[in-house]
Every structure is written in structure tokens, then in C-alpha cells.
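Here's the structure we're looking at; comments come further down.
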Amino acid sequence: MSSQLSVAWRHFFACSSFAGFFQRLTFKSLVNLIPVAGAIVFMILLSGMSARGLKAQQRREREPNIVYAERRARLAAEADGPIVLWGYTGREEVSQAYVFAQEDDFYYLTGHNEEGAGLIILPPPKAGAQNGASTPAADGLNGAREILFLPAKEPAKEKWNGVRMSPSDPGIEARTGFTTVKSFTEMRVAVEKLAKTSSVFWTILPYEKELGGYPHEKAVVDWLQLVAPQAKLKDARQNISAQRVIKSPGEIAFLKQAIEVSLDAQLAAAKMMRPGLYEYQIAAKMVEVHAMGGSEAEGYAPIVGAGPNSVILHYDQLSRKIEDGDIVVLDVGAQYAGYSADITRTLPANGKFTVRQREIYDIVLGAQNAAIAALKPGADLCKKGDKSVYKISYEYINTHGKDSHGKPLGPYYIHGLGHHIGLDVHDPGQYCEPLKPGMVVTMEPGIYLPEENLGVRIEDDVLITADGYKLLSERLPRDAAEIEKIMADAAKDRGGKQ
């Protein structure tokens with residue numbers, strides 16, 4: 001019995017999680033451990049893995065607390081007043097299908113993925129202050145330089161929605177990486193105290209943008225103006241964005257995971273693609289592959305556009321039956337640990353490109369290859385200037401092939417070459433900003449010919465390195481002949497036609 005218990009202990013503490021413990025057990029070892037089942041339960045309770053220790057809304061994986069702390073310190077060093085931020089409240093969406101995900105900037109600074117949180121960060125003491133000496137602002141927070149505010153514990157609510165972190169949890173400081181964690185109800189008093197000595201506050205000021213965020217940002221500003229009406233508000237958005245464009249090693253690792261599972265989904269889609277299926281069936285298979293590979297959500301609504309839908313950039317209705325002779329654009333990316341891939345392939349529905357489809361496909365691929373080859377620090381995605389990689393792709397498309405009227409194809413390349421990816425599939429990053437090592441961008445030229453129901457886009461994710469680039473999605477074939485072979489082999493395995 002004692003030897004079996006010893007084995008159980010070693011297995012348990014060799015694992016990073018309760019689930020990992022059972023993953024390591026073989027059937028034989030599980031049978032052997034049945035006599036000590038009670039002891040195993042006792043170990044679980046002792047280790048803090050009871051229901052009270054669960055983190056219902058925290059992401060499965062995140063970076064170490066020190067990474068988030070360093071980001072906050074860099075932001076604080078650029079501010080001349082307290083920084084006040086809110087996470088999402090959890091009431092931004094009324095859909096019953098809504099699953100909470102934190103506001104990106106708040107998550108980037110805290111790693112906290114539960115609703116109703118707030119954050120105050122103070123700038124460092126001014127030069128000349130003695131070591132350990134407090135400042136008027138710090139005195140307003142009882143000497144703290146940063147505080148995370150969390151909702152108070154609500155046991156009744158947790159019976160419905162699961163356990164949440166709270167300021168009263170034992171060890172909450174170590175779990176969050178903040179030396180001071182208070183109830184969100186105390187945040188107003190803290191800001192009012194700071195307003196007595198601080199004439200400037202920093203937050204994220206609202207602005208209109210395509211993908212939303214404005215109502216939340218406005219609510220925070222309205223609250224600040226109510227609590228500290230005399231304070232001047234400065235915008236922290238660009239300061240945070242300047243950090244987010246350069247990915248940490250941990251962020252790159254998460255992006256690679258998101259990309260890898262997205263590539264698996266693209267391969268699965270290519271192997272099942274055939275006339276007679278619906279667009280939604282292809283998308284459903286890809287989403288399934290994502291989920292089975294560890295993705296917690298899609299990076300964006302899946303785009304599977306066949307025939308006339310292939311020329312619609314963000315088509316997401318997925319209602320058309322795929323017909324023989326269609327071209328099909330699949331722009332589908334997984335999210336992993338909050339980080340989103342963005343991958344697109346264009347396939348012939350029946351497994352064989354027509355002559356015209358192959359011509360347009362090869363032009364897009366040539367433009368992508370030319371652009372990728374030019375990627376390096378100092379280049380940019382701007383539509384003008386001598387450093388523009390976009391111009392390389394546009395000029396390639398505009399000098400290869402013609403439309404049905406014999407005119408150049410450049411006007412049918414109707415979007416930019418690429419964008420940054422990260423916590424958002426369209427992560428912060430200016431098109432005309434020079435590329436730097438650590439940035440991760442997409443390369444996605446396309447041609448869209450509505451008169452021919454022919455749209456082609458090829459999109460890959462690329463890490464900028466010190467001496468050039470690394471194609472993170474290289475494993476997924478782009479060559480038309482390779483794609484046709486994958487589809488032909490799959491059709492043969494199905495016993496169907498190519």
C-alpha cells in the first residue's frame with residue numbers, strides 16, 4: 001500500500017495539472033492504484049485542486065506573471081500620471097452563445113481573463129526621490145504602485161457561472177502577479193484620492209473603429225470624468241500598441257500553436273473538398289479540427305466562399321452548395337491561448353484547377369513569393385514609398401495576366417498586402433511603420449474577378465527576424481500542383497472521383 005501511494009505521489013507532482021495526472025496513468029497503473037483511490041482524493045484536496053481552486057474563465061495557458069509585470073512597468077515609465085483601465089464587464093454581448101474574452105489591452109497588461117476587473121498603475125517616482133520614499137500619488141494608494149481590482153466573491157452566482165478569482169482568495173497576489181489586489185468597489189475611492197494630487201490621468205480614449213471597442217472605452221472615460229472631473233485625460237492606446245507590435249517569445253509560441261492547428265484544418269478541408277458539399281460543412285470540419293487541436297475559439301468568423309462568394313472578402317454566410325468547377329476561398333484561423341492565426345488557401349472544388357483558375361492562382365502566388373522574399377527589418381506594408389513590400393506584390397499582379405476585357409489585373413487587387421496578428425487577428429501595427437524583428441504579419445495578396453466568379457487569395461503568417469523572415473505556415477502547401485495532388489489522393493482514398 002505504501003509503495004503504491006508513493007508511486008501516486010510521484011505521478012501527481014510530476015504533472016502540471018489534475019488533468020495531466022490522469023493523462024500519465026496507463027490502464028495497468030490505474031488498476032494498481034484503485035486501492036489507494038481514497039489517498040489520491042486526499043492528495044487532490046491537499047494540493048488545492050478542489051472546486052474552490054478552479055479558474056473558470058482563465059485561459060488554459062498564459063505567459064508567466066513577470067512578463068505582464070514588465071509590460072506594466074514599461075507603460076508606467078512613459079506616463080506622467082496614474083493609468084486607469086477597466087477590463088470588460090461581461091455585459092458587452094447579450095447572445096446566449098457568448099463566451100467571455102478579455103479586452104485585449106487589459107489582458108496584455110494583466111493576463112487576467114475574467115470579467116469586472118480594473119487596474120491602476122502609477123508612474124515611477126520622480127528622479128531625485130530617496131529610495132523607498134513615497135510620492136503623493138503613491139500615498140493615495142497607501143504606498144502601492146499598482147493595484148488590480150476584482151469583483152468580490154459571490155458564491156451564489158458561482159453556482160451558476162463557475163468559480164471566479166476574488167480579492168479574498170488565499171494567495172491571490174501570487175496567482176495574479178500583483179502585490180495589491182482589492183475589491184472593484186474600492187476603485188472609485190482610490191481614483192478620488194489620486195485626483196487630489198494628480199492633474200493628469202491616462203486611460204484608453206475612445207475612437208470609432210470597424211471592429212468595435214468604442215462603447216466600452218467611452219464608458220471608462222465617462223466614469224473617470226465623473227470621479228475625477230478636473231483631471232486631464234491622456235490616451236495610453238499608442239503606448240500599449242507600441243509594445244504589442246513586438247511579440248515576446250511566449251506570444252510567438254502561442255501564435256505558432258494557433259498556426260499549426262490552422263494548418264491541420266486547412267489540410268483536412270482540402271482532403272474533404274468536393275462538389276455537393278455546402279460551405280458550412282467545410283467550415284464545420286475546420287472548426288472541429290481547431291477544437292480537437294486545443295484551440296479555444298476561432299480567431300474570426302470562418303470564411304468559406306465558393307464560386308461567386310469567392311470574390312467577397314469577408315463572406316461568412318456559408319450557405320452555398322459547392323458546385324463542380326467552383327473555386328473556393330478558405331480564410332479560417334484558430335485562436336490559441338488568446339492568439340489568432342490568419343491563414344487562407346484557395347482550392348478547386350473538384351480537385352483540378354481550370355486553365356483560367358490556374359493562371360490567376362499562379363499570379364497571386366507569384367506576387368506573394370515576391371513580397372515574402374523582400375521581407376526584412378526596415379521594409380513596410382505601406383502602399384507607397386521605396387520600402388513598400390505591398391508595391392512589389394501590386395506591380396507583379398499588374399504586370400501579369402489580364403481581365404476578360406484585356407486590361408491589367410492591378411485594380412482587382414482590392415486590399416492591402418498584410419497586417420499584424422496577435423491577440424487580435426488585426427493586431428495593432430501601422431502599415432507604413434518599418435518592420436522590426438519580433439513582428440508577426442500576414443502576407444495575403446489576392447485577385448477578385450466578379451465577372452468570372454473567380455476570387456483567389458493566398459495568405460500566410462510570417463515572423464520578422466533580425467536578418468529577414470521566417471515563414472511560420474510553411475508546412476501548408478501553396479503550389480497548385482501540390483494542392484491538386486493532396487486532393488486527388490484524398491479522392492482516391494474515398495473511392496471517389498478527383
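Following the order of the C-alpha cells, first chain is A, next is B, and so on, with residues numbered from 1 inside each chain and ligands from 1 in the order they appear.
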
Determine, using only C-alpha atoms, which residues of segment 410-485 of chain A have any atom at most 10 Å from an atom of segment 96-119 of chain A, and tabulate each with its shortest atom pair and distance in Å to one decimal place, rows ordered by chain and then rising number, as a Markdown table.
```
| residue | atom | partner | partner_atom | distance |
| --- | --- | --- | --- | --- |
| A:Gly422 | CA | A:Asp104 | CA | 9.6 |
| A:Leu423 | CA | A:Asp104 | CA | 6.2 |
| A:Asp424 | CA | A:Asp104 | CA | 7.2 |
| A:Asp427 | CA | A:Asp104 | CA | 9.4 |
```

Restricted to C-alpha atoms, what would the selected residues look like written as an mmCIF file, in the first residue's frame?
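Writing done, so here's part07.cif:
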```cif
data_model
loop_
_atom_site.group_PDB
_atom_site.id
_atom_site.type_symbol
_atom_site.label_atom_id
_atom_site.label_comp_id
_atom_site.auth_asym_id
_atom_site.auth_seq_id
_atom_site.Cartn_x
_atom_site.Cartn_y
_atom_site.Cartn_z
ATOM 1 C CA GLY A 422 -1.556 38.619 -32.156
ATOM 2 C CA LEU A 423 -4.278 38.871 -29.509
ATOM 3 C CA ASP A 424 -6.391 40.355 -32.290
ATOM 4 C CA ASP A 427 -3.400 43.424 -34.114
#
```

Requested in this report: Write out as a ChimeraX atom specification all residues of segment 67-169 of chain A that backbone DSSP assigns to helix (DSSP H, G or I).
Outcome: /A:67-77,104-110,136-140,155-161

Report task. If you run DSSP over the backbone, which residues in segment 219-442 of chain A end up strand (DSSP E)? Put them as a ChimeraX atom specification. Result -> /A:232-235,297-298,303-306,327-331,334-336,339-340,344-348,440-442

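Closest approach to Tyr431 of chain A from the set A:Arg62, A:Lys387, A:Lys247, A:Arg175 is made by A:Lys387, with distances taken over only C-alpha atoms.
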
**Report entry** Contact residues around segment 350-354 of chain A with only C-alpha atoms at 12 Å, ignoring same-chain residues under 6 positions, as a PyMOL selection string
**Finding:** chain A and resi 269-277+306+322-328+360-362+454+456+479-492+496-498

Wanna dump the segment 185-300 of chain A-segment 140-160 of chain A contacts at 12 Å for me, each residue with its shortest atom pair and the distance in Å to one decimal, counting only C-alpha atoms, ordered by chain and number, as a tab-separated table?
```
residue	atom	partner	partner_atom	distance
A:Thr185	CA	A:Pro151	CA	7.5
A:Glu186	CA	A:Phe149	CA	7.8
A:Met187	CA	A:Phe149	CA	6.8
A:Arg188	CA	A:Phe149	CA	10.4
A:Val189	CA	A:Gly140	CA	9.4
A:Ala190	CA	A:Leu141	CA	6.3
A:Val191	CA	A:Gly140	CA	8.2
A:Glu192	CA	A:Gly140	CA	8.6
A:Lys193	CA	A:Gly140	CA	5.2
A:Leu194	CA	A:Gly140	CA	5.3
A:Ala195	CA	A:Gly140	CA	8.7
A:Lys196	CA	A:Gly140	CA	8.4
A:Thr197	CA	A:Gly140	CA	8.2
A:Ser198	CA	A:Gly140	CA	9.8
```

Residues from the last selection, N, CA and C atoms, saved as an mmCIF file, in the first residue's frame:
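The result, written out as result-v7.cif:
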```cif
data_model
loop_
_atom_site.group_PDB
_atom_site.id
_atom_site.type_symbol
_atom_site.label_atom_id
_atom_site.label_comp_id
_atom_site.auth_asym_id
_atom_site.auth_seq_id
_atom_site.Cartn_x
_atom_site.Cartn_y
_atom_site.Cartn_z
ATOM 1 N N THR A 185 -15.094 47.486 -5.864
ATOM 2 C CA THR A 185 -15.882 48.548 -5.245
ATOM 3 C C THR A 185 -15.005 49.625 -4.608
ATOM 4 N N GLU A 186 -13.731 49.318 -4.384
ATOM 5 C CA GLU A 186 -12.812 50.292 -3.792
ATOM 6 C C GLU A 186 -12.101 51.144 -4.851
ATOM 7 N N MET A 187 -12.330 50.862 -6.118
ATOM 8 C CA MET A 187 -11.583 51.553 -7.167
ATOM 9 C C MET A 187 -11.948 53.039 -7.240
ATOM 10 N N ARG A 188 -13.212 53.345 -7.047
ATOM 11 C CA ARG A 188 -13.624 54.748 -7.123
ATOM 12 C C ARG A 188 -12.937 55.576 -6.036
ATOM 13 N N VAL A 189 -12.919 55.062 -4.819
ATOM 14 C CA VAL A 189 -12.272 55.786 -3.718
ATOM 15 C C VAL A 189 -10.791 56.006 -4.028
ATOM 16 N N ALA A 190 -10.137 54.989 -4.609
ATOM 17 C CA ALA A 190 -8.713 55.111 -4.938
ATOM 18 C C ALA A 190 -8.488 56.210 -5.977
ATOM 19 N N VAL A 191 -9.340 56.283 -6.978
ATOM 20 C CA VAL A 191 -9.190 57.311 -8.014
ATOM 21 C C VAL A 191 -9.478 58.692 -7.438
ATOM 22 N N GLU A 192 -10.469 58.779 -6.581
ATOM 23 C CA GLU A 192 -10.777 60.074 -5.954
ATOM 24 C C GLU A 192 -9.591 60.572 -5.139
ATOM 25 N N LYS A 193 -8.909 59.679 -4.425
ATOM 26 C CA LYS A 193 -7.721 60.085 -3.655
ATOM 27 C C LYS A 193 -6.601 60.539 -4.587
ATOM 28 N N LEU A 194 -6.403 59.798 -5.683
ATOM 29 C CA LEU A 194 -5.351 60.164 -6.628
ATOM 30 C C LEU A 194 -5.630 61.509 -7.279
ATOM 31 N N ALA A 195 -6.902 61.804 -7.492
ATOM 32 C CA ALA A 195 -7.274 63.057 -8.152
ATOM 33 C C ALA A 195 -6.923 64.282 -7.306
ATOM 34 N N LYS A 196 -6.720 64.097 -6.013
ATOM 35 C CA LYS A 196 -6.357 65.226 -5.147
ATOM 36 C C LYS A 196 -4.932 65.692 -5.384
ATOM 37 N N THR A 197 -4.087 64.787 -5.933
ATOM 38 C CA THR A 197 -2.676 65.140 -6.144
ATOM 39 C C THR A 197 -2.239 64.982 -7.598
ATOM 40 N N SER A 198 -3.103 64.438 -8.444
ATOM 41 C CA SER A 198 -2.737 64.201 -9.841
ATOM 42 C C SER A 198 -3.683 64.965 -10.757
#
```

Requested in this report: Write out as JSON, numbers by chain which residues come within 6 Å of Val329 of chain A when counting only C-alpha atoms, dropping same-chain ones fewer than 4 positions away.
Outcome: {"A": [304, 305, 310, 346]}

Could you write those residues out with all heavy atoms, as a short mmCIF file (atom, residue, chain, number, x, y, z; two decimals), in the first residue's frame?
```cif
data_model
loop_
_atom_site.label_atom_id
_atom_site.label_comp_id
_atom_site.auth_asym_id
_atom_site.auth_seq_id
_atom_site.Cartn_x
_atom_site.Cartn_y
_atom_site.Cartn_z
N VAL A 304 -15.62 30.75 -45.90
CA VAL A 304 -15.53 29.70 -46.91
C VAL A 304 -16.44 30.14 -48.05
O VAL A 304 -17.66 30.04 -47.94
CB VAL A 304 -15.96 28.32 -46.37
CG1 VAL A 304 -15.89 27.27 -47.49
CG2 VAL A 304 -15.08 27.90 -45.20
N GLY A 305 -15.85 30.68 -49.11
CA GLY A 305 -16.63 31.24 -50.19
C GLY A 305 -16.39 30.50 -51.50
O GLY A 305 -15.27 30.48 -52.01
N SER A 310 -16.50 33.66 -53.69
CA SER A 310 -15.04 33.74 -53.57
C SER A 310 -14.52 35.16 -53.76
O SER A 310 -13.38 35.45 -53.39
CB SER A 310 -14.37 32.80 -54.59
OG SER A 310 -14.58 33.26 -55.92
N THR A 346 -6.85 28.77 -51.43
CA THR A 346 -7.88 28.75 -52.46
C THR A 346 -7.79 27.42 -53.20
O THR A 346 -6.71 27.05 -53.69
CB THR A 346 -7.69 29.92 -53.44
OG1 THR A 346 -7.74 31.16 -52.71
CG2 THR A 346 -8.79 29.92 -54.50
#
```

Report task. Pick out the residues sitting within 10 Å of Ala370 of chain A, and hand them over as a list in words; count only C-alpha atoms, and ignore anything fewer than 6 positions along from it in its own chain. Result -> Val364, Val389, Tyr390, Ile392, Ser393 and Tyr396 of chain A

Query raised in the report: Near Ile447 of chain A, counting only C-alpha atoms, which residues have an atom at most 6 Å away, once you skip same-chain residues fewer than 4 positions from it, shown as a ChimeraX atom specification?
Result: /A:412-413,455-456

Query raised in the report: For Arg457 of chain A, which of A:Ser404, A:His314, A:Gln335, A:Pro434 is the closest residue, counting only C-alpha atoms?
Result: A:His314
